[in-house]
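Q: Enclosed is the structure file my_file.txt (compact mmCIF, C-alpha atoms).
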# COMPACT_ATOMS: atom_id res chain seq x y z
CA MET D 15 0.00 0.00 0.00
CA PRO D 16 1.42 3.46 -0.84
CA LEU D 17 1.58 6.29 1.65
CA MET D 18 -2.00 6.82 2.84
CA ASP D 19 -1.55 9.59 5.38
CA LEU D 20 0.05 13.02 5.50
CA PRO D 21 3.33 13.82 3.73
CA TYR D 22 6.32 13.14 5.95
CA ASP D 23 7.22 16.80 6.47
CA GLN D 24 3.70 17.34 7.86
CA LEU D 25 3.63 14.11 9.88
CA VAL D 26 6.65 15.02 11.97
CA HIS D 27 4.85 18.13 13.23
CA TYR D 28 1.34 16.68 13.47
CA THR D 29 -0.40 17.18 16.79
CA ALA D 30 -3.89 16.35 17.95
CA PRO D 31 -5.99 18.98 19.70
CA ASP D 32 -5.89 18.83 23.49
CA GLU D 33 -9.35 17.39 24.07
CA ALA D 34 -8.79 15.50 27.30
CA PRO D 35 -11.95 15.48 29.42
CA ALA D 36 -11.90 17.98 32.25
CA ASP D 37 -12.07 15.15 34.77
CA PHE D 38 -9.54 12.89 32.98
CA ASP D 39 -7.06 12.85 35.87
CA ALA D 40 -9.79 12.53 38.50
CA PHE D 41 -11.34 9.62 36.61
CA TRP D 42 -8.07 7.72 36.52
CA HIS D 43 -7.16 8.59 40.10
CA GLU D 44 -10.48 7.16 41.24
CA THR D 45 -10.12 4.09 39.01
CA LEU D 46 -6.62 3.24 40.19
CA ALA D 47 -7.47 3.93 43.82
CA ALA D 48 -10.37 1.48 43.60
CA THR D 49 -8.12 -1.08 41.95
CA ALA D 50 -5.40 -0.61 44.58
CA ALA D 51 -7.95 -1.25 47.33
CA HIS D 52 -7.71 -4.94 46.42
CA PRO D 53 -4.63 -6.82 47.65
CA LEU D 54 -2.20 -7.53 44.81
CA ALA D 55 -2.32 -11.25 45.72
CA LEU D 56 0.79 -11.97 43.67
CA GLN D 57 1.48 -15.64 42.98
CA CYS D 58 4.53 -16.88 41.06
CA THR D 59 4.60 -20.60 40.37
CA PRO D 60 7.71 -22.12 38.78
CA VAL D 61 7.11 -23.73 35.38
CA ASP D 62 9.25 -26.50 33.91
CA THR D 63 9.70 -25.36 30.31
CA GLY D 64 12.79 -27.40 29.49
CA LEU D 65 14.76 -24.19 28.93
CA ARG D 66 18.29 -24.51 30.24
CA TRP D 67 19.20 -20.88 30.95
CA ILE D 68 15.79 -19.28 31.57
CA GLU D 69 13.69 -19.64 34.72
CA SER D 70 9.95 -19.22 34.07
CA PHE D 71 7.06 -18.49 36.41
CA ASP D 72 3.31 -18.67 35.92
CA VAL D 73 2.18 -15.38 37.47
CA THR D 74 -1.24 -14.37 38.77
CA PHE D 75 -2.06 -10.99 40.29
CA ALA D 76 -5.21 -9.05 41.11
CA GLY D 77 -6.08 -6.51 38.40
CA TYR D 78 -9.10 -4.26 38.01
CA GLY D 79 -11.81 -5.14 40.51
CA GLY D 80 -9.48 -7.62 42.20
CA GLN D 81 -9.98 -9.95 39.23
CA PRO D 82 -7.16 -12.46 38.49
CA ILE D 83 -4.80 -11.56 35.65
CA ARG D 84 -2.26 -14.04 34.30
CA ALA D 85 1.27 -13.32 33.14
CA TRP D 86 4.59 -15.00 32.48
CA LEU D 87 7.80 -13.99 34.20
CA ASN D 88 11.05 -15.08 32.57
CA LEU D 89 14.32 -14.62 34.43
CA PRO D 90 17.88 -15.50 33.46
CA LYS D 91 19.07 -18.25 35.77
CA MET D 92 22.53 -16.70 36.03
CA ARG D 93 21.79 -13.67 38.17
CA THR D 94 23.27 -12.38 41.39
CA THR D 95 21.42 -9.09 41.99
CA PRO D 96 17.92 -7.76 41.30
CA LEU D 97 17.45 -7.08 37.59
CA PRO D 98 15.84 -4.34 35.54
CA CYS D 99 12.50 -5.57 34.22
CA ILE D 100 10.73 -5.11 30.90
CA VAL D 101 6.95 -5.33 31.32
CA GLU D 102 5.39 -6.24 27.98
CA TYR D 103 1.82 -5.85 26.72
CA ILE D 104 0.39 -7.84 23.83
CA GLY D 105 -1.10 -6.87 20.47
CA TYR D 106 -4.83 -6.96 19.80
CA GLY D 107 -6.42 -10.40 19.97
CA GLY D 108 -3.29 -12.14 21.28
CA GLY D 109 -2.64 -13.78 24.61
CA ARG D 110 0.39 -14.72 26.64
CA GLY D 111 0.96 -18.01 24.80
CA PHE D 112 3.83 -19.97 26.39
CA PRO D 113 6.99 -18.80 28.19
CA SER D 114 9.06 -20.01 25.23
CA ASP D 115 7.31 -17.40 23.04
CA TRP D 116 9.05 -14.61 24.98
CA LEU D 117 12.78 -15.25 25.25
CA LEU D 118 14.35 -12.03 23.95
CA TRP D 119 14.71 -9.96 27.11
CA SER D 120 15.59 -12.76 29.52
CA SER D 121 18.16 -14.03 27.01
CA ALA D 122 19.69 -10.55 27.07
CA GLY D 123 19.95 -10.74 30.87
CA TYR D 124 16.83 -8.82 31.94
CA ALA D 125 13.69 -9.79 33.82
CA HIS D 126 10.66 -9.95 31.53
CA LEU D 127 7.02 -9.96 32.62
CA VAL D 128 4.42 -10.51 29.87
CA MET D 129 0.86 -9.59 30.84
CA ASP D 130 -2.04 -11.56 29.43
CA THR D 131 -4.77 -9.25 28.12
CA ARG D 132 -8.09 -9.99 29.78
CA GLY D 133 -10.66 -11.53 27.49
CA GLN D 134 -8.33 -11.74 24.50
CA GLY D 135 -5.95 -14.48 23.41
CA SER D 136 -8.12 -16.20 20.81
CA ALA D 137 -7.06 -14.61 17.50
CA TRP D 138 -3.35 -15.38 17.10
CA LEU D 139 -1.76 -16.43 20.41
CA LYS D 140 -3.70 -18.13 23.17
CA GLY D 141 -4.60 -16.41 26.40
CA ASP D 142 -5.69 -17.64 29.82
CA THR D 143 -7.41 -14.62 31.39
CA ALA D 144 -11.15 -14.04 31.29
CA ASP D 145 -12.87 -10.67 31.37
CA PRO D 146 -15.65 -11.38 33.87
CA GLU D 147 -17.35 -8.01 33.35
CA PRO D 148 -20.18 -7.91 32.68
CA ASP D 149 -20.63 -11.66 32.13
CA GLY D 150 -17.68 -13.01 30.15
CA ALA D 151 -16.37 -16.38 31.24
CA ASN D 152 -13.51 -17.08 28.86
CA PRO D 153 -11.13 -15.46 26.37
CA GLN D 154 -12.89 -14.63 23.12
CA PHE D 155 -12.26 -13.66 19.54
CA PRO D 156 -12.27 -9.86 18.97
CA GLY D 157 -13.84 -7.38 19.01
CA PHE D 158 -13.39 -5.37 22.12
CA MET D 159 -13.30 -1.82 20.81
CA THR D 160 -16.92 -0.99 21.62
CA ARG D 161 -17.41 -3.16 24.70
CA GLY D 162 -19.11 -0.87 27.23
CA VAL D 163 -18.37 2.20 25.08
CA PHE D 164 -21.40 4.26 26.10
CA ASP D 165 -19.83 5.05 29.49
CA PRO D 166 -16.14 5.38 30.47
CA ARG D 167 -16.88 3.55 33.71
CA THR D 168 -17.92 0.42 31.82
CA TYR D 169 -15.54 0.65 28.85
CA TYR D 170 -13.34 -2.38 28.32
CA TYR D 171 -10.00 -0.54 28.33
CA ARG D 172 -10.66 0.91 31.77
CA ARG D 173 -10.09 -2.59 33.02
CA VAL D 174 -7.14 -3.33 30.73
CA PHE D 175 -5.24 -0.14 31.58
CA SER D 176 -5.81 -0.75 35.28
CA ASP D 177 -4.46 -4.28 34.83
CA ALA D 178 -1.40 -2.80 33.09
CA VAL D 179 -0.57 -0.65 36.11
CA ARG D 180 -1.01 -3.63 38.43
CA ALA D 181 1.35 -5.67 36.22
CA ILE D 182 4.02 -3.05 36.95
CA GLU D 183 3.26 -3.35 40.66
CA ALA D 184 3.56 -7.13 40.37
CA ALA D 185 6.97 -6.79 38.74
CA ARG D 186 8.13 -4.36 41.38
CA SER D 187 7.02 -6.76 44.13
CA HIS D 188 9.19 -9.65 42.95
CA PRO D 189 12.50 -10.03 44.85
CA ALA D 190 14.46 -10.75 41.64
CA ILE D 191 13.48 -7.39 40.14
CA ASP D 192 14.91 -3.94 40.78
CA ALA D 193 11.77 -1.90 41.43
CA THR D 194 13.50 1.33 40.38
CA ARG D 195 14.29 0.08 36.85
CA ILE D 196 11.05 -0.75 35.06
CA ALA D 197 10.45 -0.45 31.32
CA VAL D 198 7.18 -0.93 29.46
CA THR D 199 6.84 -2.04 25.86
CA GLY D 200 4.55 -3.61 23.30
CA GLY D 201 3.48 -3.40 19.69
CA SER D 202 0.19 -2.12 18.30
CA GLN D 203 -2.33 -2.57 21.15
CA GLY D 204 0.65 -3.37 23.37
CA GLY D 205 2.19 -0.06 22.34
CA GLY D 206 -0.98 1.81 23.21
CA ILE D 207 -1.17 0.07 26.58
CA SER D 208 2.49 0.95 27.17
CA ILE D 209 1.75 4.64 26.66
CA ALA D 210 -1.24 4.44 29.01
CA ALA D 211 0.78 2.62 31.66
CA ALA D 212 3.59 5.17 31.38
CA GLY D 213 1.10 7.98 31.89
CA LEU D 214 -0.59 6.31 34.85
CA ALA D 215 2.16 4.54 36.80
CA PRO D 216 4.81 6.53 38.67
CA ASP D 217 8.50 6.46 37.83
CA ILE D 218 8.52 4.33 34.69
CA ALA D 219 12.09 4.67 33.48
CA LEU D 220 11.87 3.50 29.85
CA VAL D 221 8.91 3.41 27.45
CA MET D 222 9.04 1.58 24.10
CA PRO D 223 5.76 1.75 22.15
CA ASP D 224 5.96 0.17 18.69
CA VAL D 225 3.44 1.28 16.01
CA PRO D 226 1.02 2.11 18.86
CA PHE D 227 -2.71 1.53 18.59
CA LEU D 228 -5.35 3.29 20.76
CA CYS D 229 -4.22 6.79 19.83
CA HIS D 230 -6.26 9.65 18.29
CA TYR D 231 -9.36 7.50 17.78
CA ARG D 232 -11.41 10.07 15.87
CA ARG D 233 -8.82 10.60 13.15
CA ALA D 234 -8.05 6.89 12.93
CA THR D 235 -11.66 5.95 12.32
CA GLU D 236 -11.97 8.62 9.64
CA ILE D 237 -8.87 7.79 7.55
CA THR D 238 -8.60 3.99 7.71
CA ALA D 239 -11.09 1.20 7.14
CA ALA D 240 -8.74 -1.40 8.61
CA HIS D 241 -9.52 -3.56 11.59
CA PRO D 242 -9.63 -2.95 14.59
CA TYR D 243 -10.48 0.78 14.30
CA GLU D 244 -13.11 -0.40 11.83
CA GLU D 245 -15.02 -1.89 14.78
CA ILE D 246 -15.67 1.62 16.07
CA ALA D 247 -16.67 2.96 12.66
CA ARG D 248 -19.10 0.10 12.06
CA PHE D 249 -20.58 0.59 15.51
CA CYS D 250 -21.08 4.29 14.86
CA MET D 251 -22.62 3.51 11.46
CA VAL D 252 -25.38 1.60 13.28
CA HIS D 253 -25.58 3.74 16.44
CA ARG D 254 -25.48 6.94 14.41
CA ASP D 255 -27.43 8.84 17.07
CA GLN D 256 -24.77 8.14 19.74
CA VAL D 257 -21.54 8.97 17.91
CA ASP D 258 -20.76 11.90 20.19
CA GLN D 259 -21.13 9.70 23.28
CA VAL D 260 -18.83 7.05 21.78
CA PHE D 261 -16.02 9.54 21.25
CA ALA D 262 -16.69 11.23 24.60
CA THR D 263 -15.98 7.86 26.23
CA LEU D 264 -12.94 7.12 24.05
CA ALA D 265 -11.39 10.43 25.09
CA TYR D 266 -10.67 8.91 28.51
CA PHE D 267 -8.61 6.17 26.84
CA ASP D 268 -6.71 8.05 24.15
CA GLY D 269 -2.95 7.53 24.08
CA VAL D 270 -2.52 11.20 23.14
CA HIS D 271 -3.64 12.22 26.63
CA PHE D 272 -1.59 9.58 28.45
CA ALA D 273 1.48 10.58 26.43
CA ALA D 274 1.12 14.13 27.73
CA ARG D 275 1.46 12.75 31.26
CA ALA D 276 4.33 10.27 30.73
CA THR D 277 7.88 11.23 31.63
CA GLY D 278 10.05 8.15 31.09
CA GLN D 279 12.71 8.07 28.37
CA ALA D 280 10.80 6.91 25.27
CA LEU D 281 11.62 5.15 22.02
CA PHE D 282 8.68 5.03 19.60
CA SER D 283 8.46 3.40 16.18
CA VAL D 284 6.20 4.07 13.19
CA GLY D 285 5.61 2.56 9.76
CA LEU D 286 4.75 5.25 7.22
CA MET D 287 2.63 2.81 5.16
CA ASP D 288 0.78 1.48 8.20
CA GLU D 289 -2.91 1.23 7.32
CA ILE D 290 -3.88 -0.28 10.71
CA CYS D 291 -2.39 2.44 12.93
CA PRO D 292 -2.02 5.40 10.57
CA PRO D 293 1.26 7.26 11.14
CA SER D 294 -0.46 10.55 11.96
CA THR D 295 -2.09 8.85 14.96
CA VAL D 296 1.32 7.66 16.15
CA TYR D 297 2.80 11.13 15.73
CA ALA D 298 -0.20 12.62 17.53
CA ALA D 299 0.89 10.70 20.62
CA TYR D 300 4.61 11.09 20.02
CA ASN D 301 4.45 14.88 19.63
CA ARG D 302 2.47 15.19 22.84
CA TYR D 303 4.79 12.91 24.78
CA ARG D 304 6.03 14.80 27.81
CA GLY D 305 9.32 13.06 28.53
CA PRO D 306 12.56 12.78 26.52
CA LYS D 307 11.89 10.84 23.34
CA ALA D 308 13.04 9.51 19.98
CA ILE D 309 11.24 7.76 17.16
CA ARG D 310 12.42 5.22 14.60
CA VAL D 311 10.77 5.70 11.21
CA TYR D 312 10.26 2.85 8.73
CA ARG D 313 9.30 4.60 5.54
CA TYR D 314 8.24 1.60 3.44
CA ASN D 315 6.77 -0.56 6.19
CA HIS D 316 3.25 -1.32 7.21
CA HIS D 317 1.99 -2.43 10.61
CA GLU D 318 4.99 -4.70 11.09
CA GLY D 319 6.97 -1.48 11.52
CA GLY D 320 10.62 -2.18 12.04
CA GLY D 321 10.18 -5.84 13.00
CA PRO D 322 13.61 -7.34 13.76
CA PHE D 323 15.29 -4.02 12.99
CA GLN D 324 13.28 -2.37 15.76
CA VAL D 325 14.10 -5.24 18.11
CA ARG D 326 17.79 -4.37 17.63
CA GLU D 327 17.02 -0.70 18.28
CA LYS D 328 15.22 -1.55 21.50
CA LEU D 329 18.03 -3.78 22.70
CA ARG D 330 20.52 -0.99 22.10
CA PHE D 331 18.19 1.47 23.85
CA VAL D 332 17.80 -0.66 26.97
CA THR D 333 21.43 -1.74 27.23
CA SER D 334 22.59 1.86 26.84
CA HIS D 335 20.55 2.81 29.91
CA TRP D 336 20.95 -0.40 31.89
CA PRO D 337 24.23 -2.11 30.99
CA LEU D 338 24.62 -5.49 32.63
CA PRO D 339 27.87 -6.98 33.94
Please render this file's structure as structure tokens.
A:
Amino acid sequence: MPLMDLPYDQLVHYTAPDEAPADFDAFWHETLAATAAHPLALQCTPVDTGLRWIESFDVTFAGYGGQPIRAWLNLPKMRTTPLPCIVEYIGYGGGRGFPSDWLLWSSAGYAHLVMDTRGQGSAWLKGDTADPEPDGANPQFPGFMTRGVFDPRTYYYRRVFSDAVRAIEAARSHPAIDATRIAVTGGSQGGGISIAAAGLAPDIALVMPDVPFLCHYRRATEITAAHPYEEIARFCMVHRDQVDQVFATLAYFDGVHFAARATGQALFSVGLMDEICPPSTVYAAYNRYRGPKAIRVYRYNHHEGGGPFQVREKLRFVTSHWPLP
């Protein structure tokens, strides 16, 4: 697909209007306070994966509403002191899979916690975490973009973003992890969740969102027909009398607003031919990002972004900040 968004010289300066709800911070303060009222209830059960140099744990912690969220924790066996930890969030429709699916960061010598996304994990990598609100009992095939969208208090991503903050707390609670050195990362939906977590959790040191989803919803739904933003557009096509309410809710979950509140050192990535997360939506978040930042641009790439090239960039980024012995 050729370039489908703004010319590059306009993209690099593109910003979204500051349309955060007046009670945005109060809404999230209340949400996280209610979540924190539940004990973290962290459980880490060793898993025999057959891996010689990586120690794996099946993790459960209490997320939004005290509901159980699953994760994997991979640790290098050869460690003598608490390690920096990369907390990773997963792309849309995917789940945590198996520990052997996530070997990069632990192989490089870092702790790595991979959060299962509630209700997902049935499109491309299996998940194990249900979304029990309002009545879900198992992971399901997408979509999730309009689940509870008539009210920010019931919207699906209120629960997911709260879980993401608790995943950071879970990492910080583990004795093998240095609580002062936490990074967040993920691609697509995982990138959007990373931005939200960085804007909500205190003292996140490094932030690495790749081709982030969940940013600048209004523009995304108006310039791409690709899934998953298409879920919102189709919903609005049917509920044409409630379009304003849909976007009023989504404003509480827009990566543009979380980016304006995040301060960790950030490394973004963008594909200029990305039809799933249009580059202007990525730049909308990037240009509002509050902390020190850089972005890697892949001019001829789609939603895969930099792929293995970006993996190398992220490894360099992390090791430059947290060199290991």
Q: Could you please determine the separation between atom CA of Gly206 of chain D and atom CA of Glu69 of chain D in Å, to one decimal place?
A: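 Atom-to-atom, atom CA of Gly206 of chain D and atom CA of Glu69 of chain D are spaced 28.4 Å apart.
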Q: For Gly213 of chain D, which residue among D:Val198, D:Val252, D:Leu97, D:Leu264 is the nearest when counting only C-alpha atoms?
A: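 Distance minimum relative to Gly213 of chain D lands on D:Val198.
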Q: What lies within 8 Å of segment 182-197 of chain D using only C-alpha atoms, ignoring chain neighbours under 3 positions off, as a list in words?
A: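 Those residues are Leu54, Leu56, Phe75, Thr95, Pro96, Leu97, Pro98, Cys99, Ile100, Val101, Ala125, Leu127, Ala178, Val179, Ala215, Asp217, Ile218, Ala219, Leu220, Val221 and Met222 of chain D.
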Q: Could you tell me which of D:Tyr106, D:Trp138, D:Trp42, D:Phe112 comes closest to Leu228 of chain D if we count all atoms listed in the file?
A: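 Smallest separation from Leu228 of chain D among the options: D:Tyr106.
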Q: Mind pulling up the distance from atom CA of Gln134 of chain D to atom CA of Asp255 of chain D?
A: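 Atom CA of Asp255 of chain D sits 29.0 Å away from atom CA of Gln134 of chain D.
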Q: Calculated over all atoms listed in the file, which of the candidates D:Asp268, D:Glu102, D:Asp115, D:Asp258 has the smallest distance to Pro223 of chain D?
A: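 Checking each of D:Asp268, D:Glu102, D:Asp115, D:Asp258 against Pro223 of chain D, counting all atoms listed in the file, the winner is D:Glu102.
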Q: Do you have the atom CA of Arg110 of chain D-atom CA of Lys140 of chain D distance handy?
A: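 Going from atom CA of Arg110 of chain D over to atom CA of Lys140 of chain D, I get 6.4 Å.
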Q: Counting all atoms listed in the file, figure out which residue out of D:Leu87, D:Cys229, D:Ala47, D:Ala247 gets nearest to Leu117 of chain D.
A: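 Ranking D:Leu87, D:Cys229, D:Ala47, D:Ala247 by distance to Leu117 of chain D, first place goes to D:Leu87.
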Q: Rank D:Pro337, D:Gly200, D:Pro216, D:Gly319 by their smallest atom-to-atom distance to Tyr103 of chain D, using all atoms listed in the file, and report the top residue only.
A: D:Gly200
Q: Choose the residue, out of D:Leu329, D:Ser283, D:Phe227, D:Ser294, that has the smallest atom-to-atom separation from Ser121 of chain D; count all atoms listed in the file.
A: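 Smallest separation from Ser121 of chain D among the options: D:Leu329.
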Q: Residues at most 9 Å from segment 34-39 of chain D, counting all atoms listed in the file, excluding those fewer than 2 positions away in the same chain, as a CSV table (one decimal) with C-alpha atoms, keeping the file's coordinate frame?
A:
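out-v4.csv, freshly written:
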chain,number,residue,atom,x,y,z
D,31,PRO,CA,-6.0,19.0,19.7
D,32,ASP,CA,-5.9,18.8,23.5
D,41,PHE,CA,-11.3,9.6,36.6
D,42,TRP,CA,-8.1,7.7,36.5
D,43,HIS,CA,-7.2,8.6,40.1
D,44,GLU,CA,-10.5,7.2,41.2
D,262,ALA,CA,-16.7,11.2,24.6
D,265,ALA,CA,-11.4,10.4,25.1
D,266,TYR,CA,-10.7,8.9,28.5
D,268,ASP,CA,-6.7,8.0,24.2
D,270,VAL,CA,-2.5,11.2,23.1
D,271,HIS,CA,-3.6,12.2,26.6
Q: With only C-alpha atoms as the counted atoms, please give the residues lying no more than 12 Å from Ala239 of chain D, apart from itself and same-chain residues fewer than 4 positions off, as a tab-separated table (two decimals) with C-alpha atoms, keeping the file's coordinate frame.
A:
chain	number	residue	atom	x	y	z
D	18	MET	CA	-2.00	6.82	2.84
D	233	ARG	CA	-8.82	10.60	13.15
D	234	ALA	CA	-8.05	6.89	12.93
D	235	THR	CA	-11.66	5.95	12.32
D	243	TYR	CA	-10.48	0.78	14.30
D	244	GLU	CA	-13.11	-0.40	11.83
D	245	GLU	CA	-15.02	-1.89	14.78
D	246	ILE	CA	-15.67	1.62	16.07
D	247	ALA	CA	-16.67	2.96	12.66
D	248	ARG	CA	-19.10	0.10	12.06
D	288	ASP	CA	0.78	1.48	8.20
D	289	GLU	CA	-2.91	1.23	7.32
D	290	ILE	CA	-3.88	-0.28	10.71
D	291	CYS	CA	-2.39	2.44	12.93
D	292	PRO	CA	-2.02	5.40	10.57
Q: Report the centre and edge lengths, in Å to one decimal, of an axis-aligned box enclosing every atom of segment 182-187 of chain D listed in the file, padded by 6 Å on each side, as JSON.
A:
{"center_x": 5.7, "center_y": -5.1, "center_z": 40.5, "size_x": 16.9, "size_y": 16.1, "size_z": 19.2}
Q: Could you list, as a list in words, every residue within 6 Å of Gly201 of chain D, counting only C-alpha atoms and ignoring same-chain residues fewer than 4 positions away?
A: Gly105, Gly205, Asp224 and Val225 of chain D
Q: Please provide the set of residues having any atom within 12 Å of Gly77 of chain D, restricted to only C-alpha atoms, with same-chain residues fewer than 3 positions apart removed, written as a PDB file with C-alpha atoms, in the frame of the given file.
A:
ATOM      1  CA  THR D  45     -10.120   4.090  39.010  1.00  0.00           C
ATOM      2  CA  LEU D  46      -6.620   3.240  40.190  1.00  0.00           C
ATOM      3  CA  ALA D  47      -7.470   3.930  43.820  1.00  0.00           C
ATOM      4  CA  ALA D  48     -10.370   1.480  43.600  1.00  0.00           C
ATOM      5  CA  THR D  49      -8.120  -1.080  41.950  1.00  0.00           C
ATOM      6  CA  ALA D  50      -5.400  -0.610  44.580  1.00  0.00           C
ATOM      7  CA  ALA D  51      -7.950  -1.250  47.330  1.00  0.00           C
ATOM      8  CA  HIS D  52      -7.710  -4.940  46.420  1.00  0.00           C
ATOM      9  CA  PRO D  53      -4.630  -6.820  47.650  1.00  0.00           C
ATOM     10  CA  LEU D  54      -2.200  -7.530  44.810  1.00  0.00           C
ATOM     11  CA  ALA D  55      -2.320 -11.250  45.720  1.00  0.00           C
ATOM     12  CA  LEU D  56       0.790 -11.970  43.670  1.00  0.00           C
ATOM     13  CA  THR D  74      -1.240 -14.370  38.770  1.00  0.00           C
ATOM     14  CA  GLY D  80      -9.480  -7.620  42.200  1.00  0.00           C
ATOM     15  CA  GLN D  81      -9.980  -9.950  39.230  1.00  0.00           C
ATOM     16  CA  PRO D  82      -7.160 -12.460  38.490  1.00  0.00           C
ATOM     17  CA  ILE D  83      -4.800 -11.560  35.650  1.00  0.00           C
ATOM     18  CA  ARG D  84      -2.260 -14.040  34.300  1.00  0.00           C
ATOM     19  CA  ALA D  85       1.270 -13.320  33.140  1.00  0.00           C
ATOM     20  CA  MET D 129       0.860  -9.590  30.840  1.00  0.00           C
ATOM     21  CA  ASP D 130      -2.040 -11.560  29.430  1.00  0.00           C
ATOM     22  CA  THR D 131      -4.770  -9.250  28.120  1.00  0.00           C
ATOM     23  CA  ARG D 132      -8.090  -9.990  29.780  1.00  0.00           C
ATOM     24  CA  THR D 143      -7.410 -14.620  31.390  1.00  0.00           C
ATOM     25  CA  ALA D 144     -11.150 -14.040  31.290  1.00  0.00           C
ATOM     26  CA  ASP D 145     -12.870 -10.670  31.370  1.00  0.00           C
ATOM     27  CA  PRO D 146     -15.650 -11.380  33.870  1.00  0.00           C
ATOM     28  CA  ARG D 172     -10.660   0.910  31.770  1.00  0.00           C
ATOM     29  CA  ARG D 173     -10.090  -2.590  33.020  1.00  0.00           C
ATOM     30  CA  VAL D 174      -7.140  -3.330  30.730  1.00  0.00           C
ATOM     31  CA  PHE D 175      -5.240  -0.140  31.580  1.00  0.00           C
ATOM     32  CA  SER D 176      -5.810  -0.750  35.280  1.00  0.00           C
ATOM     33  CA  ASP D 177      -4.460  -4.280  34.830  1.00  0.00           C
ATOM     34  CA  ALA D 178      -1.400  -2.800  33.090  1.00  0.00           C
ATOM     35  CA  VAL D 179      -0.570  -0.650  36.110  1.00  0.00           C
ATOM     36  CA  ARG D 180      -1.010  -3.630  38.430  1.00  0.00           C
ATOM     37  CA  ALA D 181       1.350  -5.670  36.220  1.00  0.00           C
ATOM     38  CA  ILE D 182       4.020  -3.050  36.950  1.00  0.00           C
ATOM     39  CA  GLU D 183       3.260  -3.350  40.660  1.00  0.00           C
ATOM     40  CA  ALA D 184       3.560  -7.130  40.370  1.00  0.00           C
TER      41      ALA D 184
END
Q: Since the input lacks some atoms of segment 285-301 of chain D, please model N, CA and C atoms and print them as an mmCIF file, keeping the file's coordinate frame.
A:
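rebuild.cif, freshly written:
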data_model
loop_
_atom_site.group_PDB
_atom_site.id
_atom_site.type_symbol
_atom_site.label_atom_id
_atom_site.label_comp_id
_atom_site.auth_asym_id
_atom_site.auth_seq_id
_atom_site.Cartn_x
_atom_site.Cartn_y
_atom_site.Cartn_z
ATOM 1 N N GLY D 285 5.505 2.959 11.158
ATOM 2 C CA GLY D 285 5.610 2.560 9.760
ATOM 3 C C GLY D 285 4.805 3.542 8.917
ATOM 4 N N LEU D 286 5.439 4.186 7.962
ATOM 5 C CA LEU D 286 4.750 5.250 7.220
ATOM 6 C C LEU D 286 3.703 4.719 6.249
ATOM 7 N N MET D 287 3.678 3.405 5.999
ATOM 8 C CA MET D 287 2.630 2.810 5.160
ATOM 9 C C MET D 287 1.667 1.970 5.988
ATOM 10 N N ASP D 288 1.635 2.227 7.277
ATOM 11 C CA ASP D 288 0.780 1.480 8.200
ATOM 12 C C ASP D 288 -0.676 1.872 8.004
ATOM 13 N N GLU D 289 -1.490 0.949 7.507
ATOM 14 C CA GLU D 289 -2.910 1.230 7.320
ATOM 15 C C GLU D 289 -3.737 0.847 8.543
ATOM 16 N N ILE D 290 -3.146 0.133 9.505
ATOM 17 C CA ILE D 290 -3.880 -0.280 10.710
ATOM 18 C C ILE D 290 -3.795 0.810 11.774
ATOM 19 N N CYS D 291 -2.601 1.300 12.027
ATOM 20 C CA CYS D 291 -2.390 2.440 12.930
ATOM 21 C C CYS D 291 -1.750 3.552 12.111
ATOM 22 N N PRO D 292 -2.561 4.386 11.470
ATOM 23 C CA PRO D 292 -2.020 5.400 10.570
ATOM 24 C C PRO D 292 -0.933 6.240 11.241
ATOM 25 N N PRO D 293 0.123 6.570 10.521
ATOM 26 C CA PRO D 293 1.260 7.260 11.140
ATOM 27 C C PRO D 293 0.903 8.581 11.809
ATOM 28 N N SER D 294 -0.099 9.287 11.293
ATOM 29 C CA SER D 294 -0.460 10.550 11.960
ATOM 30 C C SER D 294 -0.989 10.304 13.368
ATOM 31 N N THR D 295 -1.615 9.135 13.607
ATOM 32 C CA THR D 295 -2.090 8.850 14.960
ATOM 33 C C THR D 295 -0.933 8.534 15.896
ATOM 34 N N VAL D 296 0.122 7.916 15.347
ATOM 35 C CA VAL D 296 1.320 7.660 16.150
ATOM 36 C C VAL D 296 2.012 8.986 16.479
ATOM 37 N N TYR D 297 2.153 9.834 15.477
ATOM 38 C CA TYR D 297 2.800 11.130 15.730
ATOM 39 C C TYR D 297 1.962 12.008 16.652
ATOM 40 N N ALA D 298 0.648 11.849 16.611
ATOM 41 C CA ALA D 298 -0.200 12.620 17.530
ATOM 42 C C ALA D 298 0.184 12.332 18.969
ATOM 43 N N ALA D 299 0.456 11.055 19.275
ATOM 44 C CA ALA D 299 0.890 10.700 20.620
ATOM 45 C C ALA D 299 2.350 11.086 20.851
ATOM 46 N N TYR D 300 3.185 10.809 19.869
ATOM 47 C CA TYR D 300 4.610 11.090 20.020
ATOM 48 C C TYR D 300 4.866 12.574 20.259
ATOM 49 N N ASN D 301 4.204 13.430 19.504
ATOM 50 C CA ASN D 301 4.450 14.880 19.630
ATOM 51 C C ASN D 301 3.854 15.477 20.891
#
